[in-house]
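Structure first, commentary second.
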Amino acid sequence: MELQYYFADDFSAFEDYFAEIKSAVRRYHKNEPVNGFGEPMDEMYYIISGTMSGSFIHESGNVKTSSFYGKGYLAPLYFPGEIEMMQSFAFTAVTDLEVYVFNRVGFERYVNTNPALNIAMYRAYIKLVSLNGQELANQLFSTGMEKICNFFYIYLKNTNDHDSRIPFSQQAIAEFVGLNRANVAKYLKVLREEKVIDTQRNHIMVINMEKLREFCSENI
């Protein structure tokens with residue numbers, strides 16, 4: 001089982017190599033911007049510890065969180081030239097975060113001169129496209145309750161630094177699953193009454209994983 005929107009470990013084999021070629025090491029606090037909307041995407045980040053999110057902003061001002069990145073991942077994946085839409089994309093620290101920083105333009109020579117890294121980059125792109133296709137199907141055909149429970153269940157199954165804790169506010173969950181906050185609150189109320197979760201300020205504790213699974217889509 002893979003989380004369509006959580007990426008980790010795809011580049012962990014290169015951690016020692018990245019440590020040698022990094023331009024800097026940075027640390028971010030929870031909720032601190034890593035790369036803001038409208039800023040050029042001229043850096044890449046290898047995650048040493050922690051989690052960060054990736055979000056798009058629509059011209060209307062609405063923000064949609066599309067992905068999460070954990071230890072051992074490199075984001076954004078390397079791309080040559082400039083892609084205008086990337087200025088509508090931003091990274092934010094979900095937890096305290098430590099990263100190696102690379103200049104994106106300069107990273108080209110490492111991709112082109114390291115065959116193993118080149119192959120890993122291609123594989124990461126193929127995986128990204130495949131999993132985003134699965135996520136599109138989830139968004140199109142799952143109910144609101146299933147979207148929320150899918151998110152909770154697979155997040156906890158694919159990460160190991162959570163203690164059954166979903167470290168997101170209701171607003172962040174709404175942005176991610178594509179529902180408004182009122183509907184998220186309604187579904188969380190049902191899950192709380194069913195003793196599946198316990199809601200706390202800016203995070204949620206899952207107290208019954210098996211019962212949570214019963215609310216998920218059949219293919220989870």
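The chains in the structure tokens are called A, B, ... from first to last as shown; in each chain the residues are counted from 1, and the ligands are counted from 1 in the order shown.
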
Item to check | Backbone DSSP call of strand (DSSP E) for chain A, listed as a VMD selection string | outcome: chain A and resid 6 to 7 24 to 28 33 to 35 43 to 49 52 to 57 63 to 69 74 to 75 89 to 93 97 to 103 165 to 166 197 to 200 203 to 206

Selection above as a file: N, CA and C atoms, as a compact mmCIF listing (two decimals), in the first residue's frame:
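Resulting contents of selection-v4.txt:
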# COMPACT_ATOMS: atom_id res chain seq x y z
N TYR A 6 2.17 11.00 -0.30
CA TYR A 6 3.28 11.04 0.64
C TYR A 6 4.49 10.36 0.00
N PHE A 7 5.57 11.11 -0.14
CA PHE A 7 6.76 10.61 -0.82
C PHE A 7 7.94 10.63 0.15
N ALA A 24 24.05 23.99 1.34
CA ALA A 24 23.76 24.44 2.70
C ALA A 24 22.93 23.39 3.42
N VAL A 25 22.89 23.51 4.76
CA VAL A 25 21.96 22.74 5.59
C VAL A 25 21.04 23.75 6.25
N ARG A 26 19.74 23.52 6.16
CA ARG A 26 18.79 24.45 6.78
C ARG A 26 17.83 23.71 7.69
N ARG A 27 17.36 24.45 8.68
CA ARG A 27 16.35 23.91 9.60
C ARG A 27 15.16 24.86 9.61
N TYR A 28 13.97 24.29 9.55
CA TYR A 28 12.74 25.07 9.57
C TYR A 28 11.87 24.60 10.72
N PRO A 33 7.41 28.65 6.11
CA PRO A 33 7.56 28.47 4.66
C PRO A 33 8.98 28.05 4.31
N VAL A 34 9.09 27.10 3.38
CA VAL A 34 10.39 26.68 2.86
C VAL A 34 10.65 27.42 1.54
N ASN A 35 9.64 27.46 0.70
CA ASN A 35 9.68 28.22 -0.56
C ASN A 35 8.28 28.74 -0.79
N GLU A 43 15.66 26.27 -5.90
CA GLU A 43 16.34 25.39 -4.96
C GLU A 43 15.66 24.04 -4.92
N MET A 44 16.43 23.03 -4.52
CA MET A 44 15.92 21.68 -4.27
C MET A 44 16.29 21.30 -2.84
N TYR A 45 15.47 20.45 -2.22
CA TYR A 45 15.65 20.12 -0.81
C TYR A 45 15.64 18.61 -0.61
N TYR A 46 16.72 18.10 -0.02
CA TYR A 46 16.75 16.71 0.38
C TYR A 46 16.43 16.66 1.87
N ILE A 47 15.40 15.90 2.24
CA ILE A 47 14.91 15.90 3.61
C ILE A 47 15.71 14.93 4.47
N ILE A 48 16.40 15.49 5.46
CA ILE A 48 17.17 14.69 6.42
C ILE A 48 16.24 14.19 7.52
N SER A 49 15.35 15.07 7.98
CA SER A 49 14.38 14.69 9.01
C SER A 49 13.17 15.61 8.92
N MET A 52 7.55 17.94 5.02
CA MET A 52 7.07 19.19 4.45
C MET A 52 5.94 18.91 3.47
N SER A 53 5.11 19.93 3.24
CA SER A 53 3.99 19.80 2.32
C SER A 53 4.25 20.62 1.07
N GLY A 54 3.58 20.23 -0.02
CA GLY A 54 3.60 21.00 -1.24
C GLY A 54 2.19 21.44 -1.57
N SER A 55 2.00 22.73 -1.89
CA SER A 55 0.66 23.28 -2.12
C SER A 55 0.63 24.15 -3.36
N PHE A 56 -0.52 24.13 -4.04
CA PHE A 56 -0.78 25.02 -5.16
C PHE A 56 -1.71 26.12 -4.72
N ILE A 57 -1.54 27.31 -5.29
CA ILE A 57 -2.48 28.40 -5.05
C ILE A 57 -3.16 28.74 -6.37
N VAL A 63 -6.05 27.72 -1.73
CA VAL A 63 -4.84 26.91 -1.64
C VAL A 63 -5.23 25.44 -1.56
N LYS A 64 -4.54 24.60 -2.32
CA LYS A 64 -4.78 23.15 -2.31
C LYS A 64 -3.47 22.42 -2.01
N THR A 65 -3.41 21.78 -0.87
CA THR A 65 -2.24 20.96 -0.53
C THR A 65 -2.32 19.68 -1.34
N SER A 66 -1.26 19.37 -2.06
CA SER A 66 -1.30 18.24 -2.99
C SER A 66 -0.40 17.08 -2.58
N SER A 67 0.57 17.33 -1.71
CA SER A 67 1.54 16.27 -1.43
C SER A 67 2.31 16.54 -0.15
N PHE A 68 2.87 15.46 0.39
CA PHE A 68 3.72 15.54 1.57
C PHE A 68 5.02 14.80 1.28
N TYR A 69 6.12 15.26 1.86
CA TYR A 69 7.43 14.71 1.59
C TYR A 69 8.13 14.43 2.91
N LEU A 74 13.74 13.99 -2.26
CA LEU A 74 14.30 15.20 -2.85
C LEU A 74 13.18 15.93 -3.56
N ALA A 75 12.91 17.17 -3.16
CA ALA A 75 11.82 17.92 -3.76
C ALA A 75 12.21 19.39 -3.93
N PHE A 89 3.40 27.20 -6.74
CA PHE A 89 3.62 26.06 -5.86
C PHE A 89 4.50 26.49 -4.70
N ALA A 90 4.24 25.98 -3.51
CA ALA A 90 5.03 26.34 -2.34
C ALA A 90 5.25 25.14 -1.45
N PHE A 91 6.39 25.13 -0.75
CA PHE A 91 6.70 24.11 0.25
C PHE A 91 6.60 24.73 1.63
N THR A 92 6.07 23.97 2.58
CA THR A 92 5.93 24.43 3.96
C THR A 92 6.32 23.30 4.90
N ALA A 93 7.01 23.62 5.99
CA ALA A 93 7.36 22.61 6.99
C ALA A 93 6.11 22.20 7.75
N LEU A 97 11.85 20.64 10.54
CA LEU A 97 12.38 20.08 9.30
C LEU A 97 13.86 20.42 9.16
N GLU A 98 14.66 19.45 8.69
CA GLU A 98 16.07 19.69 8.39
C GLU A 98 16.34 19.18 6.98
N VAL A 99 16.98 20.01 6.15
CA VAL A 99 17.19 19.67 4.75
C VAL A 99 18.60 20.04 4.29
N TYR A 100 19.07 19.29 3.29
CA TYR A 100 20.20 19.73 2.49
C TYR A 100 19.62 20.57 1.35
N VAL A 101 20.31 21.66 1.03
CA VAL A 101 19.83 22.57 -0.01
C VAL A 101 20.76 22.50 -1.21
N PHE A 102 20.16 22.48 -2.41
CA PHE A 102 20.92 22.47 -3.66
C PHE A 102 20.41 23.57 -4.58
N ASN A 103 21.30 24.14 -5.36
CA ASN A 103 20.89 25.03 -6.44
C ASN A 103 20.34 24.17 -7.57
N ARG A 165 -0.97 10.07 15.45
CA ARG A 165 -1.34 11.49 15.44
C ARG A 165 -1.34 12.02 14.02
N ILE A 166 -2.43 12.66 13.63
CA ILE A 166 -2.53 13.35 12.34
C ILE A 166 -2.22 14.82 12.61
N ILE A 197 -11.73 8.66 16.35
CA ILE A 197 -10.73 9.70 16.54
C ILE A 197 -11.03 10.52 17.78
N ASP A 198 -10.05 11.28 18.19
CA ASP A 198 -10.21 12.30 19.22
C ASP A 198 -9.61 13.58 18.64
N THR A 199 -10.43 14.61 18.51
CA THR A 199 -9.94 15.86 17.92
C THR A 199 -9.36 16.76 19.00
N GLN A 200 -8.18 17.31 18.69
CA GLN A 200 -7.50 18.24 19.58
C GLN A 200 -7.05 19.45 18.76
N HIS A 203 -4.53 19.15 15.66
CA HIS A 203 -4.17 17.78 15.30
C HIS A 203 -5.28 16.82 15.74
N ILE A 204 -5.20 15.61 15.24
CA ILE A 204 -6.22 14.59 15.49
C ILE A 204 -5.52 13.30 15.91
N MET A 205 -6.04 12.65 16.92
CA MET A 205 -5.52 11.36 17.36
C MET A 205 -6.46 10.26 16.87
N VAL A 206 -5.92 9.29 16.17
CA VAL A 206 -6.70 8.13 15.75
C VAL A 206 -6.62 7.09 16.86

Next on the checklist: Taking 6 positions as the minimum chain separation for residues in the same chain, which residues sit within 12 Å of Asn112 of chain A when counting only C-alpha atoms? Answer as a ChimeraX atom specification.
Outcome noted: /A:78,80,106,118-122

Write a file of the just-selected residues containing N, CA and C atoms, as a PDB file, in the first residue's frame.
ATOM      1  N   TYR A  78      14.242  17.218  -9.965  1.00  0.00           N
ATOM      2  CA  TYR A  78      14.978  18.097 -10.873  1.00  0.00           C
ATOM      3  C   TYR A  78      14.228  18.298 -12.191  1.00  0.00           C
ATOM      4  N   PRO A  80      14.791  20.880 -15.870  1.00  0.00           N
ATOM      5  CA  PRO A  80      15.600  21.922 -16.515  1.00  0.00           C
ATOM      6  C   PRO A  80      14.749  23.134 -16.872  1.00  0.00           C
ATOM      7  N   GLY A 106      22.348  24.199 -10.930  1.00  0.00           N
ATOM      8  CA  GLY A 106      23.619  23.507 -10.779  1.00  0.00           C
ATOM      9  C   GLY A 106      23.470  22.016 -10.573  1.00  0.00           C
ATOM     10  N   ASN A 118      20.519   9.518 -11.957  1.00  0.00           N
ATOM     11  CA  ASN A 118      19.700   9.772 -13.140  1.00  0.00           C
ATOM     12  C   ASN A 118      18.541   8.788 -13.221  1.00  0.00           C
ATOM     13  N   ILE A 119      18.837   7.507 -12.991  1.00  0.00           N
ATOM     14  CA  ILE A 119      17.792   6.483 -13.028  1.00  0.00           C
ATOM     15  C   ILE A 119      16.790   6.696 -11.891  1.00  0.00           C
ATOM     16  N   ALA A 120      17.297   7.037 -10.703  1.00  0.00           N
ATOM     17  CA  ALA A 120      16.406   7.272  -9.564  1.00  0.00           C
ATOM     18  C   ALA A 120      15.462   8.439  -9.843  1.00  0.00           C
ATOM     19  N   MET A 121      15.947   9.463 -10.537  1.00  0.00           N
ATOM     20  CA  MET A 121      15.111  10.613 -10.868  1.00  0.00           C
ATOM     21  C   MET A 121      13.998  10.209 -11.830  1.00  0.00           C
ATOM     22  N   TYR A 122      14.338   9.412 -12.856  1.00  0.00           N
ATOM     23  CA  TYR A 122      13.319   8.926 -13.784  1.00  0.00           C
ATOM     24  C   TYR A 122      12.277   8.083 -13.057  1.00  0.00           C
TER      25      TYR A 122
END

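Pairwise distance (atom CA of Ile207 of chain A, atom CA of Lys195 of chain A) equals 7.2 Å.
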
Checklist outcome for this item: In terms of only C-alpha atoms, the residue from A:Glu194, A:Met86, A:Tyr73, A:Met41 at minimal distance from His58 of chain A is A:Met86

Checklist entry - Out of A:Ile83, A:Leu77, A:Leu191, A:Ala172, which residue has the shortest atom-to-atom distance to Pro40 of chain A when counting only C-alpha atoms? => result A:Ile83

Checklist outcome for this item: From atom CA of Glu84 of chain A to atom CA of Ala174 of chain A the spacing works out at 26.1 Å

Next on the checklist: According to DSSP computed on the backbone, where in segment 106-203 of chain A is there helix (DSSP H, G or I)? Give the residues as a ChimeraX atom specification.
Outcome noted: /A:108-113,115-141,144-158,170-177,181-193

Item to check | Close residues, Glu59 of chain A itself excluded, 12 Å, only C-alpha atoms, min 5 positions apart in chain, as a list in words | outcome: Phe37, Gly38, Lys64, Met85, Gln87, Ser88 and Phe89 of chain A

Would you save the residues of that selection, restricted to N, CA and C atoms, as a PDB file, in the first residue's frame?
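Written file, result-v2.pdb:
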ATOM      1  N   PHE A  37       4.863  31.010  -2.263  1.00  0.00           N
ATOM      2  CA  PHE A  37       4.168  31.264  -3.521  1.00  0.00           C
ATOM      3  C   PHE A  37       4.769  32.492  -4.208  1.00  0.00           C
ATOM      4  N   GLY A  38       4.954  32.398  -5.510  1.00  0.00           N
ATOM      5  CA  GLY A  38       5.484  33.511  -6.276  1.00  0.00           C
ATOM      6  C   GLY A  38       6.990  33.586  -6.318  1.00  0.00           C
ATOM      7  N   LYS A  64      -4.537  24.596  -2.318  1.00  0.00           N
ATOM      8  CA  LYS A  64      -4.780  23.146  -2.310  1.00  0.00           C
ATOM      9  C   LYS A  64      -3.467  22.423  -2.009  1.00  0.00           C
ATOM     10  N   MET A  85       4.233  27.551 -13.961  1.00  0.00           N
ATOM     11  CA  MET A  85       3.284  27.114 -12.942  1.00  0.00           C
ATOM     12  C   MET A  85       3.950  26.844 -11.594  1.00  0.00           C
ATOM     13  N   GLN A  87       5.724  28.727  -9.934  1.00  0.00           N
ATOM     14  CA  GLN A  87       5.624  29.886  -9.045  1.00  0.00           C
ATOM     15  C   GLN A  87       4.298  29.913  -8.301  1.00  0.00           C
ATOM     16  N   SER A  88       3.378  29.022  -8.693  1.00  0.00           N
ATOM     17  CA  SER A  88       2.120  28.868  -7.960  1.00  0.00           C
ATOM     18  C   SER A  88       2.198  27.725  -6.959  1.00  0.00           C
ATOM     19  N   PHE A  89       3.404  27.203  -6.739  1.00  0.00           N
ATOM     20  CA  PHE A  89       3.618  26.065  -5.859  1.00  0.00           C
ATOM     21  C   PHE A  89       4.505  26.495  -4.702  1.00  0.00           C
TER      22      PHE A  89
END

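You will find atom CA of Pro167 of chain A at 7.7 Å from atom CA of Val94 of chain A.
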
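Summary of the local environment: counting only C-alpha atoms, residues at most 9 Å from Ile173 of chain A, other than itself and those fewer than 5 positions away along its chain, are Thr65, Ile148, Phe151, Phe168, Gly178, Leu179, Arg181 and Val184 of chain A.
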
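Proximity of A:Arg213, A:Ser169, A:Lys189, A:Tyr155 to Arg201 of chain A, computed with only C-alpha atoms, is greatest for A:Ser169.
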
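Using only C-alpha atoms for every distance, the candidate list A:Phe141, A:Tyr187, A:Phe14, A:Tyr5 yields A:Phe14 as the residue closest to Leu117 of chain A.
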
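Using only C-alpha atoms, the nearest neighbour of Leu156 of chain A within the list A:Ser23, A:Met209, A:Gly36, A:Gly50 is A:Met209.
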
Item to check | Close residues, Asn150 of chain A itself excluded, 6 Å, only C-alpha atoms, min 4 positions apart in chain, as number ranges by chain | outcome: A: 146, 154, 216

Once you have the residues from the selection above, write them out as a PDB file, in the first residue's frame, restricted to C-alpha atoms.
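Saved result, part-v2.pdb, follows:
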ATOM      1  CA  GLU A 146     -13.846   8.148   2.338  1.00  0.00           C
ATOM      2  CA  ILE A 154      -2.759   5.629   4.591  1.00  0.00           C
ATOM      3  CA  CYS A 216     -12.200   3.932   3.844  1.00  0.00           C
TER       4      CYS A 216
END

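Distance check against Asp96 of chain A using only C-alpha atoms: of A:Thr51, A:Thr143, A:Thr113, A:Ser164, the minimum falls on A:Thr51.
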